[in-house]
Every structure is written in C-alpha cells, then in structure tokens.
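Down below is the structure, laid out as structure tokens.
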Amino acid sequence: MSLTVFLAKNIHTMNPSLPTADAVAVKDGQIMEVGTLETLQPWLKNHRHTINEQFIDKILLPGFIDPHLHPSLAAILLPMHFITALEWRLPDRIVAPVKSAQAYLQRLTEIEQSLPSKDEPLMTWGYHHLWHGPMHRDLLNKISSTRPIVVWQRSYHEIFVNDAALKWIGLDEKRLAEHKQVDLQAGRFFESGKLLASAAMSDYLTEPKRFKHGLELAKAAIHAGGHTTIGDLTGSYFDTDEEWQALHDVLDQDNVPFRTQMIPAGTRRARLGAEEKALAYVKDAAKRHGGNKLFFRDHVKLFTDGGFFAELMQVQAPGFIDGHHGEWMIPPEIFESLARTFWHAGFKIHVHCTGDLGLELALEVLEKLQWERPRFNHRFTIEHFGLSTPEQVRRIADLGAIVSANVYYVHELGEVYWQNSLGHERASQMARLGTLARHNVTTALHSDFTMAPALPLYSAWVACNRKSEQGNVLAPQECLTVDQAMRAITIDAAYVLGMEHEVGSIRAGKNADFTVLEQDPFEVGAAGLKDIDIWGTVFEGSPAPIAKR
Amino acid sequence: MPTAEEENLIPVTVLGGYLGAGKSTLLNHALQSTQANKLAVIVNDFGTINIDAALIDSRNNDQINLTNGCICCSIGDSLADTLTKLVTQADRVKHIIIEASGVADPQQVASYTALPGLMLDAVLVLVDAEQVQEKSEDRFVGTTVLRQLKGADLLVVNKIDLIKTSAIAPLEAWLASVSEATPVITTSQGMIDDSLLFGDGSSAPGRFKTPHNSELAPHIIRATDENRSPTDHNLESLSFTATAPFTLTEVQNIIAQLPSDILRAKGIFSIEQHTQQVFQRVGRRYSLEPAQADLLVPGHSQLVLIAVAGSIDTAALPIPMQHI
C-alpha cells in the first residue's frame, strides 16, 4: 500500500516537541511522519505516495478520545423524543431549544400527533422544571388519554406519566399511593420510585430491535463528536448475552470509525473472600467478549459513592444543606479488598468517585496500597471527580493518581447545587480542574454519555469557561487553558486509557487517527470551542466524514 | 379492597444489615427450615449460600431451583426484574426473602414491593453486636449503619455470644435510642425462630388456624399465663379469640395499646358483623386493612402475638379477648 500525505491548514499534534505542522504521512493506518512537505521528503523519495489535499483548508488534531462513556445507556435514551431547554445536536436530528412551559406542551402535542400508530408509547427526555414549569399527569392526559406518555426528566431520576402510561406499566396504584417516592396524583416517580417504574418498562426499553437501533444512534453520536477512541467504563451495562451480541453487531464492525476499550466493572457479585473470583471474571472478560474494535486491557473499574446527578454522592462535613446522605455503591471494606486484589495483580484501577468523601475513601485505600506495595505508573484514576478539596488534589498528586473528570457537572448542576444542595462555595468549585493542573495531575475530560453530550469540544468549552447553564461563571480560578483542555481530550485521555503510545497525539508510529475541524480551537479561543464545526475524522488513515443532515 | 390472600400477593421479607452482620448465615438457616416451602431467596451472590446438592433441581446463571423453592441472584438494578420473574413464573413461590446489600438502605429495597403481585411482610435488620457501635461512628459508613438501624421494623442483634453479658443491656439501650425504639431480639449464629421470619406458620392471614373452640363465650375474657406456647428460640406465641364483634374504634385501641415488645402480630377482627379487618404487625410497623370476604366465622376475631418468652405480662394486656 502506498503512502498518503494529508495536507492541512494546520495540524496541532499535541506533541509539545513539535506542536504544529501542516503535512502528515500515513501508511497502513499508521503515521510515518508529521511535519511539512519539505521535512517529509526522505519518505516521499523512497515510497510511492499520493498527496491528499481534501483537508487543505481544515485543522487536524489527534482523534478525540472520551475515556468514559456508555454506549448501552445511550442506546436506551437516544430512541426517545428529545424536548430540551438547550439545543442538542444529534446525528439524526438537531433538537431546537424549548424554553417555556407552553412551548414544551406544544412540542409534546406535535410529537404525539405525528406518531403513526395510535398506541405506541411516547417516551420523551429532557424535561426540566426550571424551564418547562411544573409537570402533572393531568397535563399529559390532555395530550392523550389513550397513548402512554412517559416524560423523563433531564437528569433521569424523575419521570412523569399519564393515565394510559400508568396502566401500561402495570404497577398497582394502591401500593404506589403509599410509596414515599411516588406522587401518584401528579403521576410523578422519583428516586426509588423512578427505578421501580423504569424496571417495569425495562422489557420495552431493552427490547432487542429497539436496543440495536439505539446503539446505531449511539455509534453515530460518538462519531459526530469527533471521537476515534472511547472507553466503555463498565464494559457493557447489563452484562447479558443479548447486550454483548448487540455491542458486537454494532460496534465491532469494519465500518465503525472508532475503537472501544471495554473496562469491566470488578464489582459484579463482589463479596469479601471472593476477590479472586472477581479477578478471574475480569481477566476472563477479554476471552469471552474481546473482538477487534472492542477490546480489553489490564484495566478495571471499581466504585465508591453514588451518582452525582442523583445527589447520592458521599459528602464530607458539612454535608448537604437539606441534611440528606449519599450512598456507597459497595461496602467500603469490599472496595478496599477488591482494590487490593487488582492492585497486586498489576491492574490499572479506575474508581468511580463523585463526592469528596467518596474521593477520601479512594485516596485512603490508595495510600494503604502504596504502603503495602509501592507501584509507579499505576494509573489509579479518579473517575468523575465531582466534589473535592484542594488538599485532596495535593494527595492525588502525591500518590501518583490521575483524574478523568466530568466537567459538564459545572455547566448543568453548578448553579442548581449552589442554590439547593451545597451552597455557593462548594458547588462552584466542583470539578476543580485548575487545581489539578497546578499540581501537574494528568487530567482527562469525559462525558459519561449520556450524563453529558458526547462532544469533547463541548466538555473542553465547559472546562475553559466554567459557565453555568444560567450564565454565571463558577470559580474562574478552576478554568483550564485551551491547551490543557485540548490535551484532556487527546493525549491525556489516551494516558488514562493506557494507550498514550498508540493514540492521542500526532507523531511517527502512532495510529493515524485525526479529528478534522473547520475552525482552529487555538484561534477561536476558550469562548468559541463549543461552536467549532467538525468535518469528521480520519480513523486509521481512512477519512470518515460526518454525515450531513 | 381485596386482601393479600385473595390477590395472592407474595409476602416479601427484606433482610438488611451492614456487611458482616450475619445475613448469609441467617439465610442458610432459613433455607434449612421446615417452613421454607416454596421460598425464594434473592441474594447478591450464590457463593455465600450453602446449598445441599440433593435439593438442587436445576440451575442456570441467575437462578438455582430447589425442590422446596429457589435461590435467585440479583445485582443492583436487576432486582425489579428478578422480582417480576418470580411473580409471573408458573410455579409461584409463597414467600420471598431479599438479602439487601451491606450498604443498602433496607427501606429503599422494601420499596420494590410496590411491584405488582407483592406485599411487604417485614424489614428485618441484622446487627453485629460486637461491631455495630464502632461502625456507627465510622467516618465512611456511620450514617449508612444508622440509616439501616432506623429503617428496620425489627432489629435482630446477632453474635450476642461475642459480647459480655454486662454489655447487652447498654447495647440494647443504645439501639433503642438510635432506632427510635424498634423492637429488638438477640441471637447468635444467625439463628432466629421461623415464626419471626415467616410469620405465624405463614404470612398470609387467610391461612390462619381456625379457632380451637368455636363455642367461646361472646364476651371479654382476659388472657392467662397457662397457654403460652413456646417456640424454638426462646420466643412464645400468644393467641386470643373473641366471638363478639368489635367496633373499629375498639380494634384501633387494642392495636394502639399493644406493648412495644411484641415482635410480630397477626389478627382478624370482626367489626360489628359487617366486615372483617386484617391486622399485621412486624416490630413497630403495622397495617389494618379490610378483608374483602370473611376469613373467620362472622363475628369472630382472632389475634396472635409473638414475643420473647416472658416479656409480655398477659395479665396486663389490654386485649378484651380470650387467650387460647
């Protein structure tokens, strides 16, 4: 196969030794050299080659990497009708913002009337009372008395249903009336009530045809974000044969322009005394489910505290303003014993931590493990990194840990948690990325899609501007520079996945993965990052334009 | 409103308690019980359950079918699916015990009994007598442990043999203060009486024994100490009947005045010859619901109390019924 030289307006290599270039030579999916047409001459003299000028007016970056997202969750959500306060750009649609109660109901009515079949359930996602006003089952009954309508709140832990949906999901009304986390009159299910309702709908939501269609949408969304590598941080969500089959059918095919590292949860059926079983399960996962574009490495995911969107993170004193408490995903003792087992087996451990008490547990355990058996280059990764203290960041640095952060929290939840949950000081300092940078802690950005949009440039924009949805800047001291943010979605994200020698920057020997942009992030600056147009990607040397809508 | 029996609701017991409190040991005993007929146990992991190979009928990834019931494995979000499977399977079980995770809020697990076909029987929380106070102050899990204690209908203090006798009373006093006076039973090796786990022989009120003597005088007779029936583990069951109907207010008064030491109670009360009401109590939680059809001879009433032997002064009980 001959050599291809891509010429571009500018190439940001994310390799500080040669930060910019305008030509990159590629062969067999690999980068031969990056530089200028002049510096590439030794290659060109010795190899047949073609010059590809299709990117001559475009900007090349290393292919974007999201080290933590969930294709299977996206497959559940994306087939729903989106009605959202903010614009959502999805591969199959642009969701125009809907910002008032009246507009919300009008849009929902339009969708209802557009559905071909009379009894097909209508699932919509994106409702938020701050924009769309109070929701009530009577409002939904007015839209349809026969079609089940299910309104999913933007942060997933609340749903509203109409009478037809209540009948359709089949829960006992009398018992629901006694349920503390169900407001039957309003048709509102929240927290455990929501789990109950979604479980009752799970056959519908995970029905194979719907699920596969959802995965196709997820695949397109991941491509549209400019990704060429992702990490699925549970390595399948439900761990059923059907799910694995669908994942292979959709994501492990030749036409997929990105690769997925599956990082299995080491906590499945975990208990004290059975750590070796958990280790064997994780080691075996590659044999059971490994493919070509779906692959496993020596990485494992563990958990400390509960979800950040659900306000179930464990928070140190002075706690939540309303006095509620967070949750542990597994007993801290089991977390420690599993971490020990995987640490001694040489694994790279990713720990889901959302609150500062969850982080404290992770750091305390890491400190013990370092004492027992010191390891360098261990890549112990704090995943999500919602709440933290500056002192904890210093310990993260001291212990050699790294961070993969969901900075989107600041944008969506910063102000809500400031007003309702944590107060200004702690809420504004969530995802304190600036402090991480000042301590030289390697930091990646992730979406945890579907928690945040699978758009690395959007995450980078939040990291650099820290603007809440309501427009306030929260803790400007914690902003990243454009360079830091771009590293966090390329080379530093590669480091988190243990793939920095293969992807994440543009240099000789790496995979020829590029994200092709219409504007230059370093020129448009922090404020403009989210509005940069993405032409598409190059995956292992093959251009993969994003389908135009 | 139909009763549990007529709707054929499956009673569900939630077994909570922090890691190491002895939930698996208790479940192993439950599975050996003669009352474990058509019992489904939902656990986080099969590995902690000792299963007599002779009892295994068939097994797949998530379910082991036994000759006298089944064991299901369920993790996290799949609990609702597992419960739904149990409700809809052709060979229905008669009782379900859910082993909550060591950090779960048992009340939250209990909320799953709102799924169709189920009814909450009881939330039992196991307590490690030796560890619980220290754990309640742990900076990571202290609030979790306290929330579990508060979420119990009945506290089962296990490993009582591991602490000094003199430490038992202070421990009980401490538990009463943090759990808002939830009834406590002490044990070791996770042994508890079947009647606590499954109720008095069964959990559905329709399966009540018929009154021993249908010719009882239709008036108030105080209970006596003569017919206390001992159960296996230092518990006793006290039965009462009446043949004249009550007013609803009278029944509510009886219920309100029952001593807090009662671990479990079940009753059927005839109200002024029109309806019968089903009363169930586990620890401090109780329900009183109308029965759709008569479960006893019209006008008759029956009440069974289970308590630690000797803890109830029957002479002082405000129950205007005959003790049988």
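Numbering starts fresh at 1 for the residues of each chain in the structure tokens, the chains themselves are lettered A, B, ... in the order given, and ligands are numbered from 1 as they appear.
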
Set out as a tab-separated table a contact list for chain B and chain A with a cut-off of 8 Å, giving each residue of chain B that qualifies its closest atom pair and distance in Å to one decimal, counting only C-alpha atoms, ordered by chain and rising residue number.
residue	atom	partner	partner_atom	distance
B:Leu19	CA	A:Pro331	CA	7.0
B:Asn44	CA	A:Arg269	CA	6.0
B:Asp45	CA	A:Arg269	CA	5.3
B:Ile75	CA	A:Arg269	CA	6.9
B:Asp77	CA	A:Leu195	CA	7.7
B:Ser78	CA	A:Ala199	CA	7.8
B:Ala80	CA	A:Ala199	CA	5.8
B:Asp81	CA	A:Ala199	CA	6.6
B:Ser101	CA	A:Ile330	CA	7.8
B:Gly102	CA	A:Pro331	CA	6.2
B:Val103	CA	A:Pro331	CA	5.5
B:Ala104	CA	A:Glu327	CA	7.9
B:Gln108	CA	A:Ser192	CA	6.6
B:Ser111	CA	A:His179	CA	6.8
B:Tyr112	CA	A:Leu196	CA	6.4
B:Ala114	CA	A:Arg175	CA	5.4
B:Leu115	CA	A:Leu171	CA	5.8
B:Pro116	CA	A:Leu171	CA	5.5
B:Phe140	CA	A:Leu357	CA	7.2
B:Val141	CA	A:Pro332	CA	7.7
B:Thr143	CA	A:His325	CA	7.4
B:Thr144	CA	A:Glu327	CA	7.5

Could you save the residues just selected, with all heavy atoms, as a short mmCIF file (atom, residue, chain, number, x, y, z; two decimals), in the first residue's frame?
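Produced file selection_6.cif, reproduced below:
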data_model
loop_
_atom_site.label_atom_id
_atom_site.label_comp_id
_atom_site.auth_asym_id
_atom_site.auth_seq_id
_atom_site.Cartn_x
_atom_site.Cartn_y
_atom_site.Cartn_z
N LEU B 19 -22.43 -5.10 56.29
CA LEU B 19 -21.51 -6.19 55.95
C LEU B 19 -21.03 -6.90 57.22
O LEU B 19 -20.58 -6.26 58.16
CB LEU B 19 -20.31 -5.55 55.24
CG LEU B 19 -19.29 -6.47 54.60
CD1 LEU B 19 -19.88 -7.10 53.36
CD2 LEU B 19 -18.05 -5.66 54.23
N ASN B 44 -27.11 -11.47 46.64
CA ASN B 44 -26.18 -10.78 45.75
C ASN B 44 -25.23 -11.75 45.08
O ASN B 44 -24.68 -11.48 44.04
CB ASN B 44 -25.33 -9.78 46.55
CG ASN B 44 -26.17 -8.69 47.13
OD1 ASN B 44 -26.91 -8.05 46.41
ND2 ASN B 44 -26.09 -8.50 48.43
N ASP B 45 -25.02 -12.87 45.73
CA ASP B 45 -24.00 -13.79 45.25
C ASP B 45 -24.34 -15.19 45.74
O ASP B 45 -24.66 -15.37 46.91
CB ASP B 45 -22.64 -13.36 45.81
CG ASP B 45 -21.51 -14.19 45.22
OD1 ASP B 45 -21.26 -15.30 45.73
OD2 ASP B 45 -20.91 -13.72 44.25
N ILE B 75 -28.28 -8.41 41.08
CA ILE B 75 -27.39 -7.33 41.48
C ILE B 75 -27.95 -6.00 41.00
O ILE B 75 -28.44 -5.90 39.88
CB ILE B 75 -25.96 -7.52 40.94
CG1 ILE B 75 -26.02 -8.12 39.53
CG2 ILE B 75 -25.14 -8.38 41.87
CD1 ILE B 75 -24.70 -8.13 38.83
N ASP B 77 -29.57 -2.95 39.68
CA ASP B 77 -30.81 -2.57 39.01
C ASP B 77 -31.69 -3.76 38.64
O ASP B 77 -32.84 -3.58 38.29
CB ASP B 77 -30.49 -1.80 37.72
CG ASP B 77 -29.83 -0.48 38.03
OD1 ASP B 77 -29.82 -0.10 39.22
OD2 ASP B 77 -29.33 0.17 37.10
N SER B 78 -31.15 -4.97 38.69
CA SER B 78 -31.94 -6.09 38.19
C SER B 78 -32.90 -6.66 39.23
O SER B 78 -33.62 -7.59 38.95
CB SER B 78 -31.01 -7.19 37.67
OG SER B 78 -30.28 -7.75 38.73
N ALA B 80 -35.68 -5.52 40.41
CA ALA B 80 -37.08 -5.44 39.96
C ALA B 80 -37.39 -6.53 38.95
O ALA B 80 -38.45 -7.14 38.97
CB ALA B 80 -37.36 -4.06 39.39
N ASP B 81 -36.42 -6.77 38.04
CA ASP B 81 -36.63 -7.83 37.04
C ASP B 81 -36.75 -9.19 37.71
O ASP B 81 -37.59 -10.00 37.33
CB ASP B 81 -35.45 -7.86 36.05
CG ASP B 81 -35.42 -6.63 35.17
OD1 ASP B 81 -36.47 -5.97 35.06
OD2 ASP B 81 -34.35 -6.33 34.62
N SER B 101 -27.98 -5.49 50.04
CA SER B 101 -26.52 -5.35 50.07
C SER B 101 -26.12 -4.73 51.40
O SER B 101 -26.92 -4.07 52.06
CB SER B 101 -26.06 -4.47 48.90
OG SER B 101 -25.37 -3.34 49.35
N GLY B 102 -24.89 -4.96 51.80
CA GLY B 102 -24.40 -4.48 53.09
C GLY B 102 -24.45 -2.98 53.28
O GLY B 102 -24.38 -2.49 54.40
N VAL B 103 -24.56 -2.23 52.19
CA VAL B 103 -24.63 -0.78 52.32
C VAL B 103 -25.99 -0.22 51.88
O VAL B 103 -26.18 0.98 51.81
CB VAL B 103 -23.52 -0.05 51.53
CG1 VAL B 103 -22.20 -0.13 52.28
CG2 VAL B 103 -23.37 -0.63 50.14
N ALA B 104 -26.92 -1.12 51.59
CA ALA B 104 -28.22 -0.65 51.10
C ALA B 104 -29.07 -0.09 52.24
O ALA B 104 -28.94 -0.51 53.39
CB ALA B 104 -28.96 -1.80 50.44
N GLN B 108 -35.32 1.35 51.18
CA GLN B 108 -35.35 1.56 49.74
C GLN B 108 -35.56 0.24 49.01
O GLN B 108 -36.30 0.15 48.04
CB GLN B 108 -34.08 2.25 49.28
CG GLN B 108 -34.22 2.64 47.82
CD GLN B 108 -33.09 3.50 47.34
OE1 GLN B 108 -32.39 4.13 48.14
NE2 GLN B 108 -32.90 3.52 46.05
N SER B 111 -39.07 -0.73 49.06
CA SER B 111 -39.99 0.00 48.17
C SER B 111 -40.25 -0.78 46.88
O SER B 111 -41.23 -0.52 46.19
CB SER B 111 -39.45 1.40 47.87
OG SER B 111 -38.33 1.32 47.02
N TYR B 112 -39.42 -1.76 46.58
CA TYR B 112 -39.66 -2.58 45.39
C TYR B 112 -40.89 -3.47 45.55
O TYR B 112 -41.37 -4.03 44.58
CB TYR B 112 -38.44 -3.46 45.09
CG TYR B 112 -37.33 -2.71 44.39
CD1 TYR B 112 -36.35 -2.05 45.10
CD2 TYR B 112 -37.29 -2.66 43.00
CE1 TYR B 112 -35.34 -1.35 44.46
CE2 TYR B 112 -36.29 -1.97 42.35
CZ TYR B 112 -35.31 -1.31 43.09
OH TYR B 112 -34.33 -0.63 42.44
N ALA B 114 -43.67 -2.56 45.90
CA ALA B 114 -44.79 -1.92 45.20
C ALA B 114 -45.01 -2.54 43.83
O ALA B 114 -46.01 -2.27 43.18
CB ALA B 114 -44.56 -0.42 45.08
N LEU B 115 -44.09 -3.36 43.39
CA LEU B 115 -44.30 -4.06 42.12
C LEU B 115 -45.54 -4.94 42.24
O LEU B 115 -45.84 -5.44 43.33
CB LEU B 115 -43.08 -4.92 41.77
CG LEU B 115 -41.84 -4.16 41.32
CD1 LEU B 115 -40.62 -5.06 41.32
CD2 LEU B 115 -42.04 -3.59 39.93
N PRO B 116 -46.24 -5.16 41.13
CA PRO B 116 -47.47 -5.93 41.22
C PRO B 116 -47.22 -7.35 41.73
O PRO B 116 -46.19 -7.95 41.42
CB PRO B 116 -47.98 -5.97 39.77
CG PRO B 116 -47.05 -5.18 38.95
CD PRO B 116 -45.93 -4.68 39.79
N PHE B 140 -16.74 6.78 57.21
CA PHE B 140 -17.27 6.43 55.89
C PHE B 140 -18.67 5.83 55.97
O PHE B 140 -19.54 6.16 55.17
CB PHE B 140 -16.34 5.46 55.17
CG PHE B 140 -15.02 6.07 54.81
CD1 PHE B 140 -13.83 5.53 55.29
CD2 PHE B 140 -14.95 7.19 54.00
CE1 PHE B 140 -12.61 6.09 54.96
CE2 PHE B 140 -13.73 7.77 53.66
CZ PHE B 140 -12.55 7.22 54.16
N VAL B 141 -18.88 4.93 56.89
CA VAL B 141 -20.15 4.19 56.85
C VAL B 141 -21.07 4.46 58.03
O VAL B 141 -22.14 3.86 58.14
CB VAL B 141 -19.92 2.67 56.71
CG1 VAL B 141 -19.16 2.38 55.43
CG2 VAL B 141 -19.20 2.10 57.92
N THR B 143 -23.15 6.88 58.85
CA THR B 143 -24.53 7.28 58.53
C THR B 143 -25.29 6.14 57.84
O THR B 143 -26.49 5.99 58.03
CB THR B 143 -24.57 8.53 57.62
OG1 THR B 143 -23.76 8.28 56.49
CG2 THR B 143 -24.05 9.75 58.35
N THR B 144 -24.57 5.33 57.08
CA THR B 144 -25.20 4.19 56.42
C THR B 144 -25.72 3.21 57.47
O THR B 144 -26.86 2.73 57.39
CB THR B 144 -24.18 3.47 55.51
OG1 THR B 144 -23.69 4.42 54.56
CG2 THR B 144 -24.81 2.29 54.79
#

Discussion item. Taking 6 positions as the minimum chain separation for residues in the same chain, which residues sit within 8 Å of His384 (chain A) when counting only C-alpha atoms? Answer as a PyMOL selection string.
Written reply: chain A and resi 352-354+403-407+446

Selection above as a file: all heavy atoms, as a PDB file, in the first residue's frame:
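Just written: again.pdb:
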ATOM      1  N   HIS A 352     -14.824   5.036  40.252  1.00  0.00           N
ATOM      2  CA  HIS A 352     -15.941   5.989  40.189  1.00  0.00           C
ATOM      3  C   HIS A 352     -16.062   6.656  41.573  1.00  0.00           C
ATOM      4  O   HIS A 352     -16.362   5.990  42.549  1.00  0.00           O
ATOM      5  CB  HIS A 352     -17.203   5.199  39.813  1.00  0.00           C
ATOM      6  CG  HIS A 352     -18.504   5.826  40.173  1.00  0.00           C
ATOM      7  ND1 HIS A 352     -19.432   6.229  39.246  1.00  0.00           N
ATOM      8  CD2 HIS A 352     -19.052   6.110  41.377  1.00  0.00           C
ATOM      9  CE1 HIS A 352     -20.484   6.730  39.855  1.00  0.00           C
ATOM     10  NE2 HIS A 352     -20.285   6.673  41.148  1.00  0.00           N
ATOM     11  N   CYS A 353     -15.750   7.967  41.626  1.00  0.00           N
ATOM     12  CA  CYS A 353     -15.890   8.737  42.880  1.00  0.00           C
ATOM     13  C   CYS A 353     -16.592  10.040  42.529  1.00  0.00           C
ATOM     14  O   CYS A 353     -16.153  10.733  41.631  1.00  0.00           O
ATOM     15  CB  CYS A 353     -14.566   9.215  43.449  1.00  0.00           C
ATOM     16  SG  CYS A 353     -13.346   8.022  43.801  1.00  0.00           S
ATOM     17  N   THR A 354     -17.617  10.395  43.229  1.00  0.00           N
ATOM     18  CA  THR A 354     -18.325  11.629  42.879  1.00  0.00           C
ATOM     19  C   THR A 354     -18.254  12.688  43.978  1.00  0.00           C
ATOM     20  O   THR A 354     -18.076  13.856  43.706  1.00  0.00           O
ATOM     21  CB  THR A 354     -19.792  11.327  42.545  1.00  0.00           C
ATOM     22  OG1 THR A 354     -20.346  10.595  43.633  1.00  0.00           O
ATOM     23  CG2 THR A 354     -19.913  10.506  41.287  1.00  0.00           C
ATOM     24  N   VAL A 403      -6.713  11.751  36.927  1.00  0.00           N
ATOM     25  CA  VAL A 403      -8.141  12.081  37.010  1.00  0.00           C
ATOM     26  C   VAL A 403      -8.785  12.037  35.628  1.00  0.00           C
ATOM     27  O   VAL A 403      -8.194  12.471  34.636  1.00  0.00           O
ATOM     28  CB  VAL A 403      -8.334  13.483  37.639  1.00  0.00           C
ATOM     29  CG1 VAL A 403      -9.791  13.934  37.540  1.00  0.00           C
ATOM     30  CG2 VAL A 403      -7.869  13.487  39.094  1.00  0.00           C
ATOM     31  N   SER A 404      -9.987  11.499  35.587  1.00  0.00           N
ATOM     32  CA  SER A 404     -10.833  11.607  34.402  1.00  0.00           C
ATOM     33  C   SER A 404     -12.125  12.261  34.880  1.00  0.00           C
ATOM     34  O   SER A 404     -12.879  11.680  35.649  1.00  0.00           O
ATOM     35  CB  SER A 404     -11.100  10.208  33.826  1.00  0.00           C
ATOM     36  OG  SER A 404     -11.970  10.287  32.721  1.00  0.00           O
ATOM     37  N   ALA A 405     -12.330  13.522  34.448  1.00  0.00           N
ATOM     38  CA  ALA A 405     -13.378  14.332  35.081  1.00  0.00           C
ATOM     39  C   ALA A 405     -14.571  14.555  34.165  1.00  0.00           C
ATOM     40  O   ALA A 405     -14.426  14.715  32.956  1.00  0.00           O
ATOM     41  CB  ALA A 405     -12.793  15.695  35.468  1.00  0.00           C
ATOM     42  N   ASN A 406     -15.749  14.565  34.768  1.00  0.00           N
ATOM     43  CA  ASN A 406     -16.940  15.001  34.047  1.00  0.00           C
ATOM     44  C   ASN A 406     -17.181  16.466  34.393  1.00  0.00           C
ATOM     45  O   ASN A 406     -17.919  16.781  35.319  1.00  0.00           O
ATOM     46  CB  ASN A 406     -18.155  14.155  34.429  1.00  0.00           C
ATOM     47  CG  ASN A 406     -19.365  14.499  33.569  1.00  0.00           C
ATOM     48  OD1 ASN A 406     -19.338  15.483  32.829  1.00  0.00           O
ATOM     49  ND2 ASN A 406     -20.411  13.711  33.672  1.00  0.00           N
ATOM     50  N   VAL A 407     -16.541  17.340  33.631  1.00  0.00           N
ATOM     51  CA  VAL A 407     -16.604  18.764  33.954  1.00  0.00           C
ATOM     52  C   VAL A 407     -17.966  19.358  33.614  1.00  0.00           C
ATOM     53  O   VAL A 407     -18.333  20.434  34.082  1.00  0.00           O
ATOM     54  CB  VAL A 407     -15.471  19.529  33.237  1.00  0.00           C
ATOM     55  CG1 VAL A 407     -15.752  19.623  31.735  1.00  0.00           C
ATOM     56  CG2 VAL A 407     -15.253  20.897  33.844  1.00  0.00           C
ATOM     57  N   HIS A 446     -14.240  13.598  30.320  1.00  0.00           N
ATOM     58  CA  HIS A 446     -15.131  12.592  29.744  1.00  0.00           C
ATOM     59  C   HIS A 446     -16.570  13.086  29.818  1.00  0.00           C
ATOM     60  O   HIS A 446     -16.888  14.049  30.510  1.00  0.00           O
ATOM     61  CB  HIS A 446     -14.954  11.237  30.433  1.00  0.00           C
ATOM     62  CG  HIS A 446     -15.450  11.163  31.841  1.00  0.00           C
ATOM     63  ND1 HIS A 446     -14.668  10.727  32.891  1.00  0.00           N
ATOM     64  CD2 HIS A 446     -16.651  11.445  32.404  1.00  0.00           C
ATOM     65  CE1 HIS A 446     -15.376  10.746  34.011  1.00  0.00           C
ATOM     66  NE2 HIS A 446     -16.579  11.186  33.741  1.00  0.00           N
TER      67      HIS A 446
END

Discussion item. List as a PyMOL selection string the protein and nucleic acid residues near region 34-43 of chain B, meaning an atom at most 6 Å away when only C-alpha atoms are counted, but skip any in the same chain fewer than 4 places from it.
Written reply: chain B and resi 68-73+93-99

Discussion item. So that I can check the surroundings of Thr515 (chain A), please list as a list in words every protein, DNA and RNA residue that reaches within 9 Å of it, counting only C-alpha atoms and ignoring chain neighbours fewer than 6 positions away.
Written reply: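 Everything that qualifies: Ile59, Leu60, Leu61, Pro62, Gly63, Phe64, Gly226, His227, Thr228, Ile534, Trp535, Gly536, Thr537, Val538 and Phe539 of chain A.
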
Worksheet item: Which residue, B:Gln252, B:Asn65, B:Asn234, B:Thr13, has the smallest gap to Pro106 (chain B) when you use only C-alpha atoms?
Response: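 Distance minimum relative to Pro106 (chain B) lands on B:Thr13.
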
Discussion item. Quick check, in Å to one decimal: how far apart do CA of Leu27 (chain B) and CA of Val125 (chain B) lie?
Written reply: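 Between CA of Leu27 (chain B) and CA of Val125 (chain B) the gap is 12.7 Å.
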
Item to complete: Taking the chain letters and numbering used in this document, name the residues of region 85-288 of chain B that DSSP puts in alpha helix (DSSP H), as a ChimeraX atom specification.
Response: /B:85-88,106-110,132-135,142-150,165-179,194-198,248-257
